[in-house]
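Undergrad: Provided herewith: query-v1.txt, compact mmCIF, C-alpha atoms.
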# COMPACT_ATOMS: atom_id res chain seq x y z
CA MET A 1 12.64 116.93 10.75
CA ALA A 2 14.19 115.39 7.67
CA LYS A 3 12.99 116.74 4.41
CA ARG A 4 10.73 114.38 2.57
CA GLY A 5 12.02 113.78 -0.94
CA PHE A 6 10.10 112.95 -4.08
CA GLN A 7 9.11 109.31 -4.35
CA ASP A 8 8.96 107.13 -7.50
CA GLY A 9 5.53 106.51 -8.92
CA THR A 10 3.92 103.21 -8.04
CA LEU A 11 3.28 102.16 -11.66
CA PRO A 12 5.90 99.79 -13.08
CA LEU A 13 7.86 100.85 -16.11
CA PHE A 14 7.15 97.54 -17.86
CA THR A 15 4.09 95.35 -17.70
CA PRO A 16 4.53 92.02 -15.89
CA THR A 17 5.61 89.05 -17.94
CA GLY A 18 3.06 86.39 -18.74
CA ASP A 19 -0.53 87.02 -19.74
CA GLU A 20 -0.59 90.62 -20.93
CA ASP A 21 -4.12 90.88 -22.23
CA GLU A 22 -6.40 93.79 -21.44
CA ALA A 23 -7.04 92.33 -17.99
CA ALA A 24 -3.51 93.29 -16.84
CA PRO A 25 -3.59 94.99 -13.43
CA THR A 26 -1.87 98.16 -14.63
CA PRO A 27 -4.50 100.95 -14.93
CA LEU A 28 -5.24 101.76 -18.53
CA PRO A 29 -5.74 105.24 -19.93
CA GLN A 30 -9.33 106.29 -20.37
CA LYS A 31 -8.57 107.57 -23.84
CA LEU A 32 -6.47 106.04 -26.57
CA PRO A 33 -3.30 107.88 -27.52
CA SER A 34 -3.99 109.75 -30.73
CA TYR A 35 -1.53 107.74 -32.84
CA ILE A 36 -3.28 104.47 -31.90
CA ALA A 37 -6.77 105.92 -32.35
CA ASP A 38 -5.83 107.35 -35.74
CA HIS A 39 -4.28 104.05 -36.85
CA ARG A 40 -7.39 102.11 -35.88
CA LYS A 41 -9.63 104.57 -37.69
CA ARG A 42 -7.50 104.37 -40.84
CA LEU A 43 -7.66 100.57 -40.82
CA ARG A 44 -11.42 100.55 -40.33
CA ASP A 45 -11.91 103.15 -43.06
CA ARG A 46 -9.78 101.16 -45.52
CA PHE A 47 -11.69 97.99 -44.73
CA MET A 48 -15.09 99.66 -45.12
CA ALA A 49 -14.04 101.35 -48.36
CA GLY A 50 -12.45 98.38 -50.12
CA GLY A 51 -13.05 95.25 -48.05
CA GLY A 52 -10.29 92.96 -46.88
CA ALA A 53 -9.06 91.59 -50.22
CA SER A 54 -6.22 94.07 -50.53
CA MET A 55 -5.26 94.06 -46.85
CA PRO A 56 -2.44 91.82 -45.57
CA ASP A 57 -3.20 89.12 -43.02
CA TYR A 58 -1.73 91.02 -40.09
CA GLU A 59 -3.98 94.04 -40.70
CA LEU A 60 -7.11 91.90 -40.82
CA LEU A 61 -5.92 90.30 -37.61
CA GLU A 62 -5.45 93.73 -36.08
CA LEU A 63 -9.10 94.49 -36.84
CA LEU A 64 -10.10 91.31 -35.02
CA LEU A 65 -7.94 92.18 -32.03
CA PHE A 66 -9.32 95.71 -31.58
CA ARG A 67 -12.23 94.53 -29.42
CA ALA A 68 -10.18 92.07 -27.38
CA ILE A 69 -7.48 94.64 -26.56
CA PRO A 70 -9.23 98.02 -26.64
CA ARG A 71 -6.49 100.34 -25.35
CA GLN A 72 -3.20 99.08 -26.72
CA ASP A 73 -1.37 99.01 -30.01
CA VAL A 74 -2.15 95.52 -31.33
CA LYS A 75 0.04 95.63 -34.44
CA PRO A 76 3.05 93.97 -32.69
CA LEU A 77 0.82 91.16 -31.40
CA ALA A 78 -0.80 90.67 -34.81
CA ARG A 79 2.61 90.38 -36.45
CA ALA A 80 3.85 88.02 -33.73
CA LEU A 81 0.86 85.73 -34.28
CA ILE A 82 1.35 85.68 -38.05
CA ASP A 83 5.09 85.00 -37.59
CA THR A 84 4.34 82.18 -35.16
CA PHE A 85 1.63 80.37 -37.13
CA GLY A 86 2.30 81.41 -40.73
CA ASP A 87 -0.93 83.01 -41.92
CA LEU A 88 -4.31 84.27 -40.74
CA ASN A 89 -6.06 80.93 -41.25
CA ARG A 90 -3.54 79.11 -39.07
CA VAL A 91 -3.83 81.79 -36.38
CA ILE A 92 -7.60 81.48 -36.26
CA THR A 93 -7.54 77.67 -36.15
CA ALA A 94 -4.55 77.27 -33.81
CA PRO A 95 -5.14 75.24 -30.62
CA VAL A 96 -5.93 77.32 -27.56
CA ALA A 97 -2.83 76.14 -25.69
CA ARG A 98 -0.53 77.24 -28.51
CA LEU A 99 -2.24 80.62 -28.78
CA LEU A 100 -1.84 81.24 -25.06
CA ALA A 101 1.87 80.47 -25.37
CA VAL A 102 2.32 83.60 -27.50
CA LYS A 103 3.31 86.56 -25.33
CA GLY A 104 0.47 89.07 -25.13
CA VAL A 105 -2.33 86.59 -25.80
CA GLY A 106 -4.90 86.13 -23.05
CA GLU A 107 -8.39 84.74 -22.73
CA ALA A 108 -10.06 87.71 -24.42
CA VAL A 109 -7.87 87.33 -27.52
CA VAL A 110 -8.47 83.58 -27.66
CA CYS A 111 -12.22 84.12 -27.27
CA GLU A 112 -12.28 86.63 -30.14
CA LEU A 113 -10.30 84.35 -32.46
CA LYS A 114 -12.32 81.24 -31.62
CA LEU A 115 -15.57 83.15 -32.01
CA PHE A 116 -14.50 84.15 -35.51
CA GLU A 117 -13.52 80.54 -36.25
CA SER A 118 -16.91 79.26 -35.11
CA VAL A 119 -18.80 81.86 -37.13
CA SER A 120 -16.74 81.06 -40.24
CA GLN A 121 -17.40 77.33 -39.90
CA ARG A 122 -21.11 77.93 -39.28
CA MET A 123 -21.36 80.05 -42.43
CA MET A 124 -19.51 77.47 -44.55
CA ARG A 125 -21.70 74.69 -43.15
CA ALA A 126 -24.85 76.60 -44.04
CA ARG A 127 -23.76 76.56 -47.71
CA VAL A 128 -23.90 72.76 -47.86
CA MET A 129 -26.44 71.55 -45.30
CA HIS A 130 -29.79 70.39 -46.74
CA LYS A 131 -28.55 70.91 -50.29
CA PRO A 132 -27.73 68.36 -53.00
CA VAL A 133 -24.08 67.53 -52.49
CA LEU A 134 -23.28 66.73 -56.10
CA THR A 135 -24.27 70.25 -57.18
CA SER A 136 -22.56 71.89 -54.20
CA TRP A 137 -19.27 70.00 -54.41
CA ASP A 138 -16.96 73.02 -54.38
CA ALA A 139 -18.79 74.46 -51.36
CA LEU A 140 -18.47 71.09 -49.63
CA LEU A 141 -14.72 71.02 -50.22
CA ASP A 142 -14.41 74.59 -48.92
CA TYR A 143 -16.30 73.59 -45.78
CA CYS A 144 -14.11 70.53 -45.21
CA HIS A 145 -10.93 72.59 -45.61
CA THR A 146 -12.23 75.30 -43.28
CA THR A 147 -13.07 72.85 -40.52
CA MET A 148 -10.25 70.31 -40.87
CA ALA A 149 -7.23 71.41 -42.90
CA HIS A 150 -5.28 72.98 -40.04
CA ARG A 151 -6.14 70.59 -37.24
CA GLU A 152 -3.09 69.14 -35.47
CA THR A 153 -4.74 65.77 -34.85
CA GLU A 154 -6.75 63.51 -37.13
CA GLN A 155 -10.52 63.84 -37.20
CA PHE A 156 -12.95 61.51 -38.95
CA ARG A 157 -16.28 62.95 -40.10
CA ILE A 158 -19.24 61.37 -41.85
CA LEU A 159 -21.57 63.22 -44.20
CA PHE A 160 -24.96 61.51 -44.32
CA LEU A 161 -27.09 61.88 -47.47
CA ASP A 162 -30.70 61.03 -48.26
CA ARG A 163 -32.01 59.38 -51.46
CA LYS A 164 -31.72 62.68 -53.34
CA ASN A 165 -28.08 63.07 -52.22
CA THR A 166 -29.06 65.97 -49.98
CA LEU A 167 -26.80 66.40 -46.97
CA ILE A 168 -28.95 65.66 -43.91
CA ALA A 169 -26.25 65.40 -41.23
CA ASP A 170 -22.57 66.11 -40.72
CA GLU A 171 -21.08 64.46 -37.67
CA GLU A 172 -17.68 63.87 -36.14
CA GLN A 173 -17.30 60.14 -35.63
CA ALA A 174 -13.88 60.02 -34.01
CA LYS A 175 -10.79 61.99 -33.00
CA GLY A 176 -7.30 60.59 -33.05
CA THR A 177 -3.63 61.41 -32.79
CA VAL A 178 -1.31 63.16 -35.22
CA ASP A 179 -1.30 60.15 -37.55
CA HIS A 180 -4.14 57.84 -36.56
CA VAL A 181 -7.85 57.93 -35.87
CA PRO A 182 -9.86 54.88 -34.81
CA VAL A 183 -12.81 54.10 -37.09
CA TYR A 184 -15.30 51.26 -36.59
CA PRO A 185 -17.36 50.26 -39.66
CA ARG A 186 -20.16 48.89 -37.46
CA GLU A 187 -20.61 52.29 -35.78
CA VAL A 188 -20.61 54.03 -39.16
CA VAL A 189 -23.45 51.96 -40.62
CA LYS A 190 -25.32 51.94 -37.32
CA ARG A 191 -25.45 55.73 -37.31
CA ALA A 192 -26.47 55.77 -40.99
CA LEU A 193 -29.44 53.55 -40.17
CA GLU A 194 -30.41 55.76 -37.23
CA LEU A 195 -30.51 58.79 -39.55
CA ASN A 196 -32.23 56.86 -42.35
CA ALA A 197 -29.35 57.83 -44.65
CA SER A 198 -29.06 56.28 -48.08
CA ALA A 199 -25.48 57.32 -48.83
CA LEU A 200 -22.31 58.47 -47.10
CA ILE A 201 -19.23 60.54 -47.74
CA LEU A 202 -16.30 59.91 -45.42
CA VAL A 203 -13.92 62.76 -44.62
CA HIS A 204 -10.76 62.86 -42.56
CA ASN A 205 -7.67 65.03 -42.40
CA HIS A 206 -3.94 64.39 -42.48
CA PRO A 207 -2.21 66.81 -40.07
CA SER A 208 1.07 66.21 -41.93
CA GLY A 209 -0.43 68.19 -44.80
CA ASP A 210 -0.02 65.38 -47.34
CA PRO A 211 -3.44 63.92 -48.24
CA THR A 212 -2.02 60.78 -49.88
CA PRO A 213 -3.99 57.82 -48.45
CA SER A 214 -2.15 55.27 -46.35
CA GLN A 215 -2.72 51.55 -46.67
CA ALA A 216 -4.69 51.74 -43.42
CA ASP A 217 -6.93 54.44 -44.95
CA ILE A 218 -7.60 52.26 -47.99
CA SER A 219 -8.25 49.13 -45.91
CA MET A 220 -10.62 50.93 -43.55
CA THR A 221 -12.55 52.43 -46.47
CA HIS A 222 -13.13 49.03 -48.07
CA GLN A 223 -14.28 47.61 -44.74
CA ILE A 224 -16.90 50.36 -44.57
CA ILE A 225 -17.92 49.70 -48.20
CA ASP A 226 -18.48 46.02 -47.36
CA ALA A 227 -20.56 46.91 -44.30
CA CYS A 228 -22.62 49.44 -46.27
CA GLN A 229 -23.34 47.09 -49.16
CA VAL A 230 -24.98 44.55 -46.87
CA LEU A 231 -27.51 47.21 -45.83
CA GLY A 232 -27.97 48.87 -49.22
CA ILE A 233 -26.11 52.06 -48.29
CA THR A 234 -23.91 53.74 -50.90
CA LEU A 235 -20.47 55.10 -50.12
CA HIS A 236 -20.04 57.97 -52.59
CA ASP A 237 -16.52 58.98 -51.67
CA HIS A 238 -13.81 59.27 -49.05
CA LEU A 239 -12.06 62.64 -48.91
CA ILE A 240 -8.69 63.14 -47.27
CA ILE A 241 -8.04 66.79 -46.45
CA GLY A 242 -4.46 68.11 -46.49
CA LYS A 243 -3.13 71.57 -45.78
CA SER A 244 -3.71 72.96 -49.27
CA ARG A 245 -5.36 70.18 -51.27
CA GLU A 246 -7.53 67.13 -50.90
CA ILE A 247 -7.66 63.65 -52.40
CA SER A 248 -10.90 61.98 -53.48
CA PHE A 249 -10.85 58.21 -53.32
CA ARG A 250 -13.30 58.04 -56.21
CA SER A 251 -11.36 60.42 -58.45
CA GLY A 252 -8.09 58.77 -57.47
CA GLY A 253 -9.30 55.29 -58.32
CA TYR A 254 -9.21 53.94 -54.76
CA LEU A 255 -12.92 52.99 -54.78
Show the structure stored in the file as structure tokens.
TA:
Amino acid sequence: MAKRGFQDGTLPLFTPTGDEDEAAPTPLPQKLPSYIADHRKRLRDRFMAGGGASMPDYELLELLLFRAIPRQDVKPLARALIDTFGDLNRVITAPVARLLAVKGVGEAVVCELKLFESVSQRMMRARVMHKPVLTSWDALLDYCHTTMAHRETEQFRILFLDRKNTLIADEEQAKGTVDHVPVYPREVVKRALELNASALILVHNHPSGDPTPSQADISMTHQIIDACQVLGITLHDHLIIGKSREISFRSGGYL
């Protein structure tokens, strides 16, 4: 009888290419290696002691990834995401398809990032809803930047105000392409009447990052002004949101 030699283990040396989230078929250790466990504890302790202000983007991202990938070193993935998208904000707001294209990102990571994005937007929205807009202007701008600044396609939103200029509704009216969004003045005033709104603020983003209004933006705004005036509705402003700044039609002299 031939002697039976030692056989190679069945576990692959490298994980399969593709989606390498925590759902990978390779069995995971029941306990974190000490160097990973210690690193995670140090990050958590630093965050709890001093908050996130002094921590770089990739370390805050690591903290977010801990739950999505519980038994791996997530620092390389955090750095890869920051390198790919530029900063933490752009990682959080990146489209799902682009996130999944980054090696190591799977559904659990995307879910964690998009959950954080939704919570952030909900918190910013709570600062402006049912409050007088004119006394909450900075909070309103922060909310608009949080929800729209890093979108890769144009979005047109309408903020509906009552007679006291309190924000009573915030609705997306249309989505578009990278440089165009269809807007219909009749639909704008129709919705204002349905909500019994007395005034409006228009908001849309420029994915290029430059908030300078185009001639089409100016023309569309004046069409909406004309439609509103017939029904006694005031258009307070039209905000165009860029990557790092915004332009107000009223402050810029376009109204």
Undergrad: Nearest residue to His206 of chain A out of A:Gln229, A:Thr166, A:Gln223, A:Thr177, using all atoms listed in the file?
TA: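 Residue with the minimum atom-to-atom distance to His206 of chain A: A:Thr177.
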Undergrad: With distances taken over all atoms listed in the file, which residue among A:Pro185, A:Pro33, A:Gly232, A:Pro56 lies nearest Pro70 of chain A?
TA: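 So, comparing all the options, the nearest one is A:Pro33.
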Undergrad: If you measure from atom CA of Arg79 of chain A to atom CA of Tyr58 of chain A, what distance in Å do you get, rounded to one decimal?
TA: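 Between these atoms lies a distance of 5.7 Å.
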Undergrad: Go through A:Leu65, A:Val133, A:Cys144, A:Val74 one by one, measure the shortest atom-to-atom distance of each to Leu113 of chain A using all atoms listed in the file, and give the residue with the smallest value.
TA: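 Answer, going by the shortest atom-to-atom distance: A:Leu65.
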Undergrad: Within 8 Å of (-6.8, 85.0, -26.5), all atoms listed in the file: residues as a PyMOL selection string?
TA: chain A and resi 21+68+96+99-100+105-113
Undergrad: Which polymer residues have any atom within 8 Å of an atom of Val189 of chain A, counting all atoms listed in the file, with same-chain residues fewer than 4 positions away left out, as a list in words?
TA: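 Here the qualifying residues turn out to be Pro185, Leu193, Ile224, Ala227 and Cys228 of chain A.
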Undergrad: Quick check, in Å to one decimal: how far apart do atom CA of Glu62 of chain A and atom CA of Met123 of chain A lie?
TA: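 Between atom CA of Glu62 of chain A and atom CA of Met123 of chain A the gap works out to 21.9 Å.
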Undergrad: Have a look at A:Leu63, A:Ile225, A:Ile158, A:Ile69 and name the one nearest to Ile240 of chain A; count all atoms listed in the file.
TA: A:Ile158
Undergrad: As an exercise, work out the distance from atom CA of Ala216 of chain A to atom CA of Leu161 of chain A in Å and give it to one decimal place.
TA: 24.9 Å
Undergrad: Can you tell me, as a PyMOL selection string, what residues are no more than 8 Å from segment 194-205 of chain A when counting only C-alpha atoms, ignoring any on the same chain fewer than 3 positions away?
TA: chain A and resi 144+148-149+151+154-163+165+168+190-191+211+232-242
Undergrad: Within 8 Å of Leu255 of chain A, counting all atoms listed in the file, which residues qualify if same-chain residues fewer than 4 places away don't, as a PyMOL selection string?
TA: chain A and resi 222+237+249-250
Undergrad: Near segment 37-45 of chain A, within 9 Å and counting only C-alpha atoms, which residues show up once chain neighbours fewer than 3 positions away are dropped, as a PyMOL selection string?
TA: chain A and resi 31-34+48-50+59-60+62-63+66+71+73
Undergrad: Using all atoms listed in the file, which residue out of A:Asp170, A:Asp217, A:Asp87, A:Asp210 lies closest to Arg245 of chain A?
TA: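 Among the listed residues, A:Asp210 lies closest to Arg245 of chain A.
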Undergrad: Please give the centre and size of the box around segment 134-138 of chain A (axis-aligned, containing every atom listed in the file, 8 Å added per side), with values in Å to one decimal and written as lines of an AutoDock Vina configuration file.
TA:
center_x = -20.6
center_y = 69.9
center_z = -55.7
size_x = 23.3
size_y = 22.3
size_z = 19.0
